[in-house]
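Source file my_file-v1.pdb; content: PDB, N, CA and C atoms.
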ATOM      1  N   MET W   1     -16.982 -14.217-113.656
ATOM      2  CA  MET W   1     -17.198 -14.864-112.368
ATOM      3  C   MET W   1     -16.397 -14.131-111.306
ATOM      4  N   ALA W   2     -16.998 -13.944-110.159
ATOM      5  CA  ALA W   2     -16.349 -13.280-109.037
ATOM      6  C   ALA W   2     -15.681 -14.320-108.134
ATOM      7  N   TYR W   3     -14.645 -13.870-107.452
ATOM      8  CA  TYR W   3     -13.932 -14.720-106.505
ATOM      9  C   TYR W   3     -13.866 -14.016-105.161
ATOM     10  N   CYS W   4     -13.906 -14.774-104.098
ATOM     11  CA  CYS W   4     -13.830 -14.223-102.751
ATOM     12  C   CYS W   4     -12.436 -13.642-102.533
ATOM     13  N   THR W   5     -12.372 -12.416-101.981
ATOM     14  CA  THR W   5     -11.072 -11.800-101.711
ATOM     15  C   THR W   5     -10.418 -12.385-100.469
ATOM     16  N   ALA W   6     -11.178 -13.095 -99.658
ATOM     17  CA  ALA W   6     -10.621 -13.691 -98.445
ATOM     18  C   ALA W   6     -10.071 -15.101 -98.691
ATOM     19  N   CYS W   7     -10.860 -15.951 -99.375
ATOM     20  CA  CYS W   7     -10.440 -17.348 -99.540
ATOM     21  C   CYS W   7     -10.191 -17.741-100.991
ATOM     22  N   GLY W   8     -10.617 -16.909-101.933
ATOM     23  CA  GLY W   8     -10.358 -17.182-103.346
ATOM     24  C   GLY W   8     -11.329 -18.132-104.015
ATOM     25  N   SER W   9     -12.368 -18.550-103.338
ATOM     26  CA  SER W   9     -13.304 -19.490-103.954
ATOM     27  C   SER W   9     -14.230 -18.769-104.936
ATOM     28  N   PRO W  10     -14.616 -19.442-106.032
ATOM     29  CA  PRO W  10     -15.498 -18.809-107.014
ATOM     30  C   PRO W  10     -16.893 -18.591-106.428
ATOM     31  N   GLN W  11     -17.514 -17.496-106.852
ATOM     32  CA  GLN W  11     -18.829 -17.125-106.339
ATOM     33  C   GLN W  11     -19.785 -16.882-107.496
ATOM     34  N   SER W  12     -21.048 -17.060-107.245
ATOM     35  CA  SER W  12     -22.041 -16.785-108.280
ATOM     36  C   SER W  12     -22.218 -15.274-108.421
ATOM     37  N   ALA W  13     -22.665 -14.844-109.598
ATOM     38  CA  ALA W  13     -22.847 -13.423-109.858
ATOM     39  C   ALA W  13     -23.887 -12.838-108.908
ATOM     40  N   GLY W  14     -23.611 -11.681-108.363
ATOM     41  CA  GLY W  14     -24.545 -11.006-107.482
ATOM     42  C   GLY W  14     -24.463 -11.427-106.019
ATOM     43  N   ALA W  15     -23.633 -12.413-105.701
ATOM     44  CA  ALA W  15     -23.514 -12.852-104.306
ATOM     45  C   ALA W  15     -22.852 -11.758-103.488
ATOM     46  N   GLN W  16     -23.265 -11.610-102.249
ATOM     47  CA  GLN W  16     -22.691 -10.591-101.373
ATOM     48  C   GLN W  16     -21.840 -11.193-100.269
ATOM     49  N   ILE W  17     -22.069 -12.479 -99.976
ATOM     50  CA  ILE W  17     -21.325 -13.165 -98.927
ATOM     51  C   ILE W  17     -20.794 -14.478 -99.489
ATOM     52  N   CYS W  18     -19.532 -14.773 -99.190
ATOM     53  CA  CYS W  18     -18.901 -16.006 -99.666
ATOM     54  C   CYS W  18     -19.557 -17.222 -99.014
ATOM     55  N   LEU W  19     -19.907 -18.199 -99.824
ATOM     56  CA  LEU W  19     -20.523 -19.416 -99.299
ATOM     57  C   LEU W  19     -19.497 -20.332 -98.635
ATOM     58  N   SER W  20     -18.202 -20.140 -98.957
ATOM     59  CA  SER W  20     -17.163 -20.990 -98.377
ATOM     60  C   SER W  20     -16.699 -20.504 -97.007
ATOM     61  N   CYS W  21     -16.377 -19.191 -96.920
ATOM     62  CA  CYS W  21     -15.801 -18.683 -95.668
ATOM     63  C   CYS W  21     -16.699 -17.682 -94.947
ATOM     64  N   GLY W  22     -17.758 -17.225 -95.596
ATOM     65  CA  GLY W  22     -18.656 -16.258 -94.976
ATOM     66  C   GLY W  22     -18.183 -14.822 -95.081
ATOM     67  N   GLY W  23     -17.074 -14.595 -95.796
ATOM     68  CA  GLY W  23     -16.545 -13.247 -95.950
ATOM     69  C   GLY W  23     -17.401 -12.414 -96.894
ATOM     70  N   GLN W  24     -17.346 -11.106 -96.703
ATOM     71  CA  GLN W  24     -18.098 -10.203 -97.565
ATOM     72  C   GLN W  24     -17.365 -10.080 -98.900
ATOM     73  N   LEU W  25     -18.133 -10.157 -99.984
ATOM     74  CA  LEU W  25     -17.565 -10.066-101.324
ATOM     75  C   LEU W  25     -17.505  -8.613-101.769
ATOM     76  N   PRO W  26     -16.655  -8.308-102.769
ATOM     77  CA  PRO W  26     -16.587  -6.936-103.270
ATOM     78  C   PRO W  26     -17.966  -6.464-103.714
ATOM     79  N   GLY W  27     -18.217  -5.184-103.559
ATOM     80  CA  GLY W  27     -19.505  -4.607-103.922
ATOM     81  C   GLY W  27     -19.731  -4.604-105.422
ATOM     82  N   GLN W  28     -20.969  -4.381-105.805
ATOM     83  CA  GLN W  28     -21.346  -4.367-107.213
ATOM     84  C   GLN W  28     -20.632  -3.258-107.974
ATOM     85  N   GLN W  29     -20.404  -2.117-107.323
ATOM     86  CA  GLN W  29     -19.748  -0.999-107.991
ATOM     87  C   GLN W  29     -18.308  -1.365-108.352
ATOM     88  N   LEU W  30     -17.582  -1.982-107.430
ATOM     89  CA  LEU W  30     -16.210  -2.403-107.712
ATOM     90  C   LEU W  30     -16.194  -3.454-108.812
ATOM     91  N   MET W  31     -17.108  -4.399-108.755
ATOM     92  CA  MET W  31     -17.155  -5.444-109.778
ATOM     93  C   MET W  31     -17.462  -4.849-111.152
ATOM     94  N   ALA W  32     -18.334  -3.854-111.204
ATOM     95  CA  ALA W  32     -18.652  -3.206-112.476
ATOM     96  C   ALA W  32     -17.425  -2.493-113.030
ATOM     97  N   ARG W  33     -16.668  -1.824-112.154
ATOM     98  CA  ARG W  33     -15.443  -1.150-112.600
ATOM     99  C   ARG W  33     -14.426  -2.153-113.121
ATOM    100  N   LEU W  34     -14.251  -3.255-112.419
ATOM    101  CA  LEU W  34     -13.288  -4.270-112.850
ATOM    102  C   LEU W  34     -13.707  -4.909-114.169
ATOM    103  N   THR W  35     -15.005  -5.150-114.334
ATOM    104  CA  THR W  35     -15.516  -5.720-115.572
ATOM    105  C   THR W  35     -15.283  -4.766-116.735
ATOM    106  N   ALA W  36     -15.522  -3.479-116.515
ATOM    107  CA  ALA W  36     -15.294  -2.483-117.565
ATOM    108  C   ALA W  36     -13.811  -2.415-117.931
ATOM    109  N   GLU W  37     -12.932  -2.462-116.933
ATOM    110  CA  GLU W  37     -11.496  -2.437-117.191
ATOM    111  C   GLU W  37     -11.057  -3.682-117.968
ATOM    112  N   ALA W  38     -11.611  -4.831-117.618
ATOM    113  CA  ALA W  38     -11.265  -6.068-118.323
ATOM    114  C   ALA W  38     -11.698  -5.998-119.782
ATOM    115  N   GLU W  39     -12.876  -5.431-120.029
ATOM    116  CA  GLU W  39     -13.345  -5.285-121.406
ATOM    117  C   GLU W  39     -12.453  -4.335-122.188
ATOM    118  N   GLN W  40     -12.000  -3.278-121.540
ATOM    119  CA  GLN W  40     -11.097  -2.342-122.205
ATOM    120  C   GLN W  40      -9.781  -3.035-122.565
ATOM    121  N   ILE W  41      -9.280  -3.878-121.691
ATOM    122  CA  ILE W  41      -8.041  -4.617-121.978
ATOM    123  C   ILE W  41      -8.255  -5.544-123.175
ATOM    124  N   ARG W  42      -9.422  -6.182-123.266
ATOM    125  CA  ARG W  42      -9.714  -7.051-124.413
ATOM    126  C   ARG W  42      -9.722  -6.250-125.721
ATOM    127  N   ARG W  43     -10.335  -5.046-125.669
ATOM    128  CA  ARG W  43     -10.368  -4.201-126.871
ATOM    129  C   ARG W  43      -8.961  -3.774-127.270
ATOM    130  N   ILE W  44      -8.144  -3.432-126.298
ATOM    131  CA  ILE W  44      -6.767  -3.024-126.584
ATOM    132  C   ILE W  44      -5.990  -4.177-127.199
ATOM    133  N   ALA W  45      -6.191  -5.378-126.682
ATOM    134  CA  ALA W  45      -5.500  -6.546-127.238
ATOM    135  C   ALA W  45      -5.919  -6.773-128.687
ATOM    136  N   ALA W  46      -7.199  -6.587-128.990
ATOM    137  CA  ALA W  46      -7.677  -6.748-130.363
ATOM    138  C   ALA W  46      -7.055  -5.687-131.267
ATOM    139  N   LEU W  47      -6.965  -4.445-130.781
ATOM    140  CA  LEU W  47      -6.325  -3.383-131.555
ATOM    141  C   LEU W  47      -4.853  -3.692-131.808
ATOM    142  N   ARG W  48      -4.185  -4.238-130.819
ATOM    143  CA  ARG W  48      -2.776  -4.607-130.985
ATOM    144  C   ARG W  48      -2.622  -5.677-132.062
ATOM    145  N   ARG W  49      -3.499  -6.669-132.028
ATOM    146  CA  ARG W  49      -3.410  -7.720-133.045
ATOM    147  C   ARG W  49      -3.626  -7.133-134.438
ATOM    148  N   ASN W  50      -4.614  -6.249-134.565
ATOM    149  CA  ASN W  50      -4.875  -5.620-135.860
ATOM    150  C   ASN W  50      -3.700  -4.767-136.307
ATOM    151  N   ALA W  51      -3.122  -4.012-135.389
ATOM    152  CA  ALA W  51      -1.981  -3.160-135.725
ATOM    153  C   ALA W  51      -0.790  -4.005-136.154
ATOM    154  N   ALA W  52      -0.576  -5.112-135.485
ATOM    155  CA  ALA W  52       0.548  -5.990-135.841
ATOM    156  C   ALA W  52       0.335  -6.602-137.220
ATOM    157  N   ASN W  53      -0.903  -6.915-137.550
ATOM    158  CA  ASN W  53      -1.199  -7.498-138.860
ATOM    159  C   ASN W  53      -1.070  -6.469-139.977
ATOM    160  N   ASN W  54      -1.341  -5.173-139.699
ATOM    161  CA  ASN W  54      -1.242  -4.138-140.722
ATOM    162  C   ASN W  54       0.204  -3.876-141.110
ATOM    163  N   GLY W  55       1.080  -3.759-140.123
ATOM    164  CA  GLY W  55       2.506  -3.603-140.370
ATOM    165  C   GLY W  55       2.902  -2.324-141.086
ATOM    166  N   ASN W  56       2.153  -1.243-140.996
ATOM    167  CA  ASN W  56       2.544   0.000-141.644
ATOM    168  C   ASN W  56       2.820   1.072-140.603
ATOM    169  N   SER W  57       3.224   2.282-141.058
ATOM    170  CA  SER W  57       3.590   3.351-140.128
ATOM    171  C   SER W  57       2.393   3.822-139.310
ATOM    172  N   GLN W  58       1.220   3.806-139.918
ATOM    173  CA  GLN W  58       0.019   4.180-139.182
ATOM    174  C   GLN W  58      -0.211   3.196-138.042
ATOM    175  N   ALA W  59       0.026   1.939-138.303
ATOM    176  CA  ALA W  59      -0.134   0.916-137.267
ATOM    177  C   ALA W  59       0.866   1.151-136.150
ATOM    178  N   THR W  60       2.072   1.611-136.488
ATOM    179  CA  THR W  60       3.088   1.854-135.466
ATOM    180  C   THR W  60       2.661   2.986-134.540
ATOM    181  N   SER W  61       2.171   4.104-135.110
ATOM    182  CA  SER W  61       1.727   5.203-134.253
ATOM    183  C   SER W  61       0.495   4.793-133.448
ATOM    184  N   GLN W  62      -0.377   4.018-134.065
ATOM    185  CA  GLN W  62      -1.558   3.518-133.356
ATOM    186  C   GLN W  62      -1.114   2.600-132.217
ATOM    187  N   GLN W  63      -0.096   1.785-132.455
ATOM    188  CA  GLN W  63       0.419   0.875-131.437
ATOM    189  C   GLN W  63       0.982   1.650-130.250
ATOM    190  N   ASN W  64       1.672   2.761-130.515
ATOM    191  CA  ASN W  64       2.217   3.567-129.421
ATOM    192  C   ASN W  64       1.097   4.122-128.540
ATOM    193  N   GLY W  65       0.032   4.599-129.156
ATOM    194  CA  GLY W  65      -1.115   5.091-128.387
ATOM    195  C   GLY W  65      -1.766   3.987-127.584
ATOM    196  N   ILE W  66      -1.861   2.824-128.185
ATOM    197  CA  ILE W  66      -2.463   1.675-127.509
ATOM    198  C   ILE W  66      -1.611   1.269-126.314
ATOM    199  N   ASN W  67      -0.287   1.283-126.479
ATOM    200  CA  ASN W  67       0.607   0.915-125.378
ATOM    201  C   ASN W  67       0.429   1.859-124.193
ATOM    202  N   GLN W  68       0.316   3.157-124.465
ATOM    203  CA  GLN W  68       0.120   4.118-123.385
ATOM    204  C   GLN W  68      -1.209   3.877-122.689
ATOM    205  N   GLN W  69      -2.252   3.652-123.457
ATOM    206  CA  GLN W  69      -3.575   3.401-122.876
ATOM    207  C   GLN W  69      -3.564   2.099-122.084
ATOM    208  N   SER W  70      -2.897   1.090-122.605
ATOM    209  CA  SER W  70      -2.828  -0.200-121.929
ATOM    210  C   SER W  70      -2.103  -0.079-120.596
ATOM    211  N   ASN W  71      -0.987   0.652-120.584
ATOM    212  CA  ASN W  71      -0.250   0.836-119.339
ATOM    213  C   ASN W  71      -1.102   1.551-118.303
ATOM    214  N   SER W  72      -1.851   2.554-118.738
ATOM    215  CA  SER W  72      -2.730   3.287-117.836
ATOM    216  C   SER W  72      -3.811   2.363-117.270
ATOM    217  N   THR W  73      -4.399   1.555-118.131
ATOM    218  CA  THR W  73      -5.450   0.628-117.701
ATOM    219  C   THR W  73      -4.893  -0.403-116.730
ATOM    220  N   LEU W  74      -3.738  -0.949-117.042
ATOM    221  CA  LEU W  74      -3.138  -1.946-116.154
ATOM    222  C   LEU W  74      -2.771  -1.341-114.804
ATOM    223  N   ASN W  75      -2.290  -0.117-114.809
ATOM    224  CA  ASN W  75      -1.979   0.553-113.545
ATOM    225  C   ASN W  75      -3.241   0.741-112.706
ATOM    226  N   ARG W  76      -4.348   1.131-113.352
ATOM    227  CA  ARG W  76      -5.607   1.283-112.618
ATOM    228  C   ARG W  76      -6.080  -0.056-112.063
ATOM    229  N   LEU W  77      -5.956  -1.122-112.850
ATOM    230  CA  LEU W  77      -6.361  -2.444-112.366
ATOM    231  C   LEU W  77      -5.501  -2.893-111.191
ATOM    232  N   GLN W  78      -4.195  -2.639-111.274
ATOM    233  CA  GLN W  78      -3.314  -3.010-110.174
ATOM    234  C   GLN W  78      -3.686  -2.243-108.910
ATOM    235  N   GLU W  79      -4.014  -0.957-109.050
ATOM    236  CA  GLU W  79      -4.406  -0.160-107.901
ATOM    237  C   GLU W  79      -5.722  -0.677-107.310
ATOM    238  N   LEU W  80      -6.686  -1.028-108.154
ATOM    239  CA  LEU W  80      -7.947  -1.591-107.653
ATOM    240  C   LEU W  80      -7.693  -2.897-106.913
ATOM    241  N   ARG W  81      -6.790  -3.713-107.436
ATOM    242  CA  ARG W  81      -6.472  -4.984-106.774
ATOM    243  C   ARG W  81      -5.804  -4.736-105.430
ATOM    244  N   ARG W  82      -4.881  -3.753-105.369
ATOM    245  CA  ARG W  82      -4.241  -3.425-104.089
ATOM    246  C   ARG W  82      -5.279  -2.953-103.078
ATOM    247  N   GLN W  83      -6.232  -2.142-103.529
ATOM    248  CA  GLN W  83      -7.272  -1.665-102.631
ATOM    249  C   GLN W  83      -8.129  -2.822-102.122
ATOM    250  N   ALA W  84      -8.475  -3.738-103.009
ATOM    251  CA  ALA W  84      -9.287  -4.891-102.602
ATOM    252  C   ALA W  84      -8.515  -5.774-101.628
ATOM    253  N   ASP W  85      -7.219  -5.992-101.893
ATOM    254  CA  ASP W  85      -6.403  -6.801-100.989
ATOM    255  C   ASP W  85      -6.271  -6.135 -99.621
ATOM    256  N   ALA W  86      -6.077  -4.821 -99.617
ATOM    257  CA  ALA W  86      -5.955  -4.096 -98.352
ATOM    258  C   ALA W  86      -7.263  -4.171 -97.567
ATOM    259  N   ALA W  87      -8.387  -4.035 -98.256
ATOM    260  CA  ALA W  87      -9.685  -4.128 -97.581
ATOM    261  C   ALA W  87      -9.883  -5.527 -96.994
ATOM    262  N   ALA W  88      -9.495  -6.553 -97.738
ATOM    263  CA  ALA W  88      -9.624  -7.928 -97.238
ATOM    264  C   ALA W  88      -8.725  -8.149 -96.028
ATOM    265  N   ALA W  89      -7.502  -7.606 -96.067
ATOM    266  CA  ALA W  89      -6.583  -7.762 -94.939
ATOM    267  C   ALA W  89      -7.114  -7.050 -93.701
ATOM    268  N   ARG W  90      -7.655  -5.824 -93.895
ATOM    269  CA  ARG W  90      -8.232  -5.101 -92.752
ATOM    270  C   ARG W  90      -9.399  -5.876 -92.158
ATOM    271  N   LYS W  91     -10.219  -6.432 -93.022
ATOM    272  CA  LYS W  91     -11.373  -7.190 -92.546
ATOM    273  C   LYS W  91     -10.925  -8.412 -91.755
ATOM    274  N   GLN W  92      -9.911  -9.086 -92.271
ATOM    275  CA  GLN W  92      -9.422 -10.274 -91.582
ATOM    276  C   GLN W  92      -8.833  -9.896 -90.220
ATOM    277  N   GLN W  93      -8.087  -8.795 -90.152
ATOM    278  CA  GLN W  93      -7.535  -8.343 -88.876
ATOM    279  C   GLN W  93      -8.648  -7.988 -87.898
ATOM    280  N   ASN W  94      -9.675  -7.315 -88.378
ATOM    281  CA  ASN W  94     -10.801  -6.953 -87.511
ATOM    282  C   ASN W  94     -11.519  -8.188 -86.994
ATOM    283  N   GLN W  95     -11.670  -9.196 -87.864
ATOM    284  CA  GLN W  95     -12.334 -10.422 -87.434
ATOM    285  C   GLN W  95     -11.500 -11.143 -86.382
ATOM    286  N   GLN W  96     -10.168 -11.137 -86.540
ATOM    287  CA  GLN W  96      -9.318 -11.809 -85.578
ATOM    288  C   GLN W  96      -9.349 -11.086 -84.231
ATOM    289  N   LYS W  97      -9.466  -9.757 -84.260
ATOM    290  CA  LYS W  97      -9.545  -8.995 -83.011
ATOM    291  C   LYS W  97     -10.850  -9.279 -82.274
ATOM    292  N   ASN W  98     -11.905  -9.561 -83.024
ATOM    293  CA  ASN W  98     -13.221  -9.765 -82.423
ATOM    294  C   ASN W  98     -13.434 -11.188 -81.914
ATOM    295  N   ILE W  99     -12.512 -12.104 -82.221
ATOM    296  CA  ILE W  99     -12.665 -13.486 -81.749
ATOM    297  C   ILE W  99     -12.264 -13.541 -80.277
ATOM    298  N   ARG W 100     -13.179 -14.002 -79.468
ATOM    299  CA  ARG W 100     -12.902 -14.128 -78.030
ATOM    300  C   ARG W 100     -13.175 -15.559 -77.617
ATOM    301  N   TRP W 101     -12.255 -16.111 -76.963
ATOM    302  CA  TRP W 101     -12.395 -17.510 -76.533
ATOM    303  C   TRP W 101     -12.902 -17.576 -75.152
TER     304      TRP W 101
END
Just give me the structure of the file as structure tokens.
Amino acid sequence: MAYCTACGSPQSAGAQICLSCGGQLPGQQLMARLTAEAEQIRRIAALRRNAANNGNSQATSQQNGINQQSNSTLNRLQELRRQADAAAARKQQNQQKNIRW
């Protein structure tokens, strides 16, 4: 489920404009990237659980590789979130500049 970057309200899949505040929602390309990253995090978590259950040296080396991949994925997700927040802030500033009483 997607959420509006301006007001945080949940949105239906494929929506382009928030029904609550009228703000533009993230594009399909960004949502696809975020969905792919989330799936990768789920796979990494499953690998971690399996490695922890194995408890052998192979699991330890596998765990180290998983940790590096996980950190990289989380860093990319954090950067995508910062970009989305910055875009929402710019949009809000532009909207406030355009309001004339």
Do you know which residues are at most 9 Å from W:Tyr3 counting only C-alpha atoms, after dropping those on the same chain fewer than 2 positions away, and could you put them as a CSV table (one decimal) with N, CA and C atoms, in the coordinates of the input?
chain,number,residue,atom,x,y,z
W,1,MET,N,-17.0,-14.2,-113.7
W,1,MET,CA,-17.2,-14.9,-112.4
W,1,MET,C,-16.4,-14.1,-111.3
W,5,THR,N,-12.4,-12.4,-102.0
W,5,THR,CA,-11.1,-11.8,-101.7
W,5,THR,C,-10.4,-12.4,-100.5
W,6,ALA,N,-11.2,-13.1,-99.7
W,6,ALA,CA,-10.6,-13.7,-98.4
W,6,ALA,C,-10.1,-15.1,-98.7
W,7,CYS,N,-10.9,-16.0,-99.4
W,7,CYS,CA,-10.4,-17.3,-99.5
W,7,CYS,C,-10.2,-17.7,-101.0
W,8,GLY,N,-10.6,-16.9,-101.9
W,8,GLY,CA,-10.4,-17.2,-103.3
W,8,GLY,C,-11.3,-18.1,-104.0
W,9,SER,N,-12.4,-18.6,-103.3
W,9,SER,CA,-13.3,-19.5,-104.0
W,9,SER,C,-14.2,-18.8,-104.9
W,10,PRO,N,-14.6,-19.4,-106.0
W,10,PRO,CA,-15.5,-18.8,-107.0
W,10,PRO,C,-16.9,-18.6,-106.4
W,11,GLN,N,-17.5,-17.5,-106.9
W,11,GLN,CA,-18.8,-17.1,-106.3
W,11,GLN,C,-19.8,-16.9,-107.5
W,12,SER,N,-21.0,-17.1,-107.2
W,12,SER,CA,-22.0,-16.8,-108.3
W,12,SER,C,-22.2,-15.3,-108.4
W,18,CYS,N,-19.5,-14.8,-99.2
W,18,CYS,CA,-18.9,-16.0,-99.7
W,18,CYS,C,-19.6,-17.2,-99.0
W,25,LEU,N,-18.1,-10.2,-100.0
W,25,LEU,CA,-17.6,-10.1,-101.3
W,25,LEU,C,-17.5,-8.6,-101.8
W,26,PRO,N,-16.7,-8.3,-102.8
W,26,PRO,CA,-16.6,-6.9,-103.3
W,26,PRO,C,-18.0,-6.5,-103.7
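Between W:Met31 and the candidates W:Gln96, W:Leu74, W:Ala15, W:Leu47, the tightest atom-to-atom separation, counting only C-alpha atoms, involves W:Ala15.
The spacing separating atom CA of W:Gly23 from atom CA of W:Lys91 amounts to 8.7 Å.
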Notebook entry, point to check: Mind pulling up the distance from atom N of W:Ala38 to atom N of W:Gln83?
Noted result: 15.3 Å
Item checked: Pairwise distance for atom CA of W:Ala32 and atom CA of W:Arg76, rounded to one decimal in Å ->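 Answer for the atom CA of W:Ala32 to atom CA of W:Arg76 separation: 13.8 Å.
Candidate residues W:Lys97, W:Thr73, W:Ala87, W:Gln78 were compared for distance to W:Ile41, and the nearest is W:Thr73, using only N, CA and C atoms.
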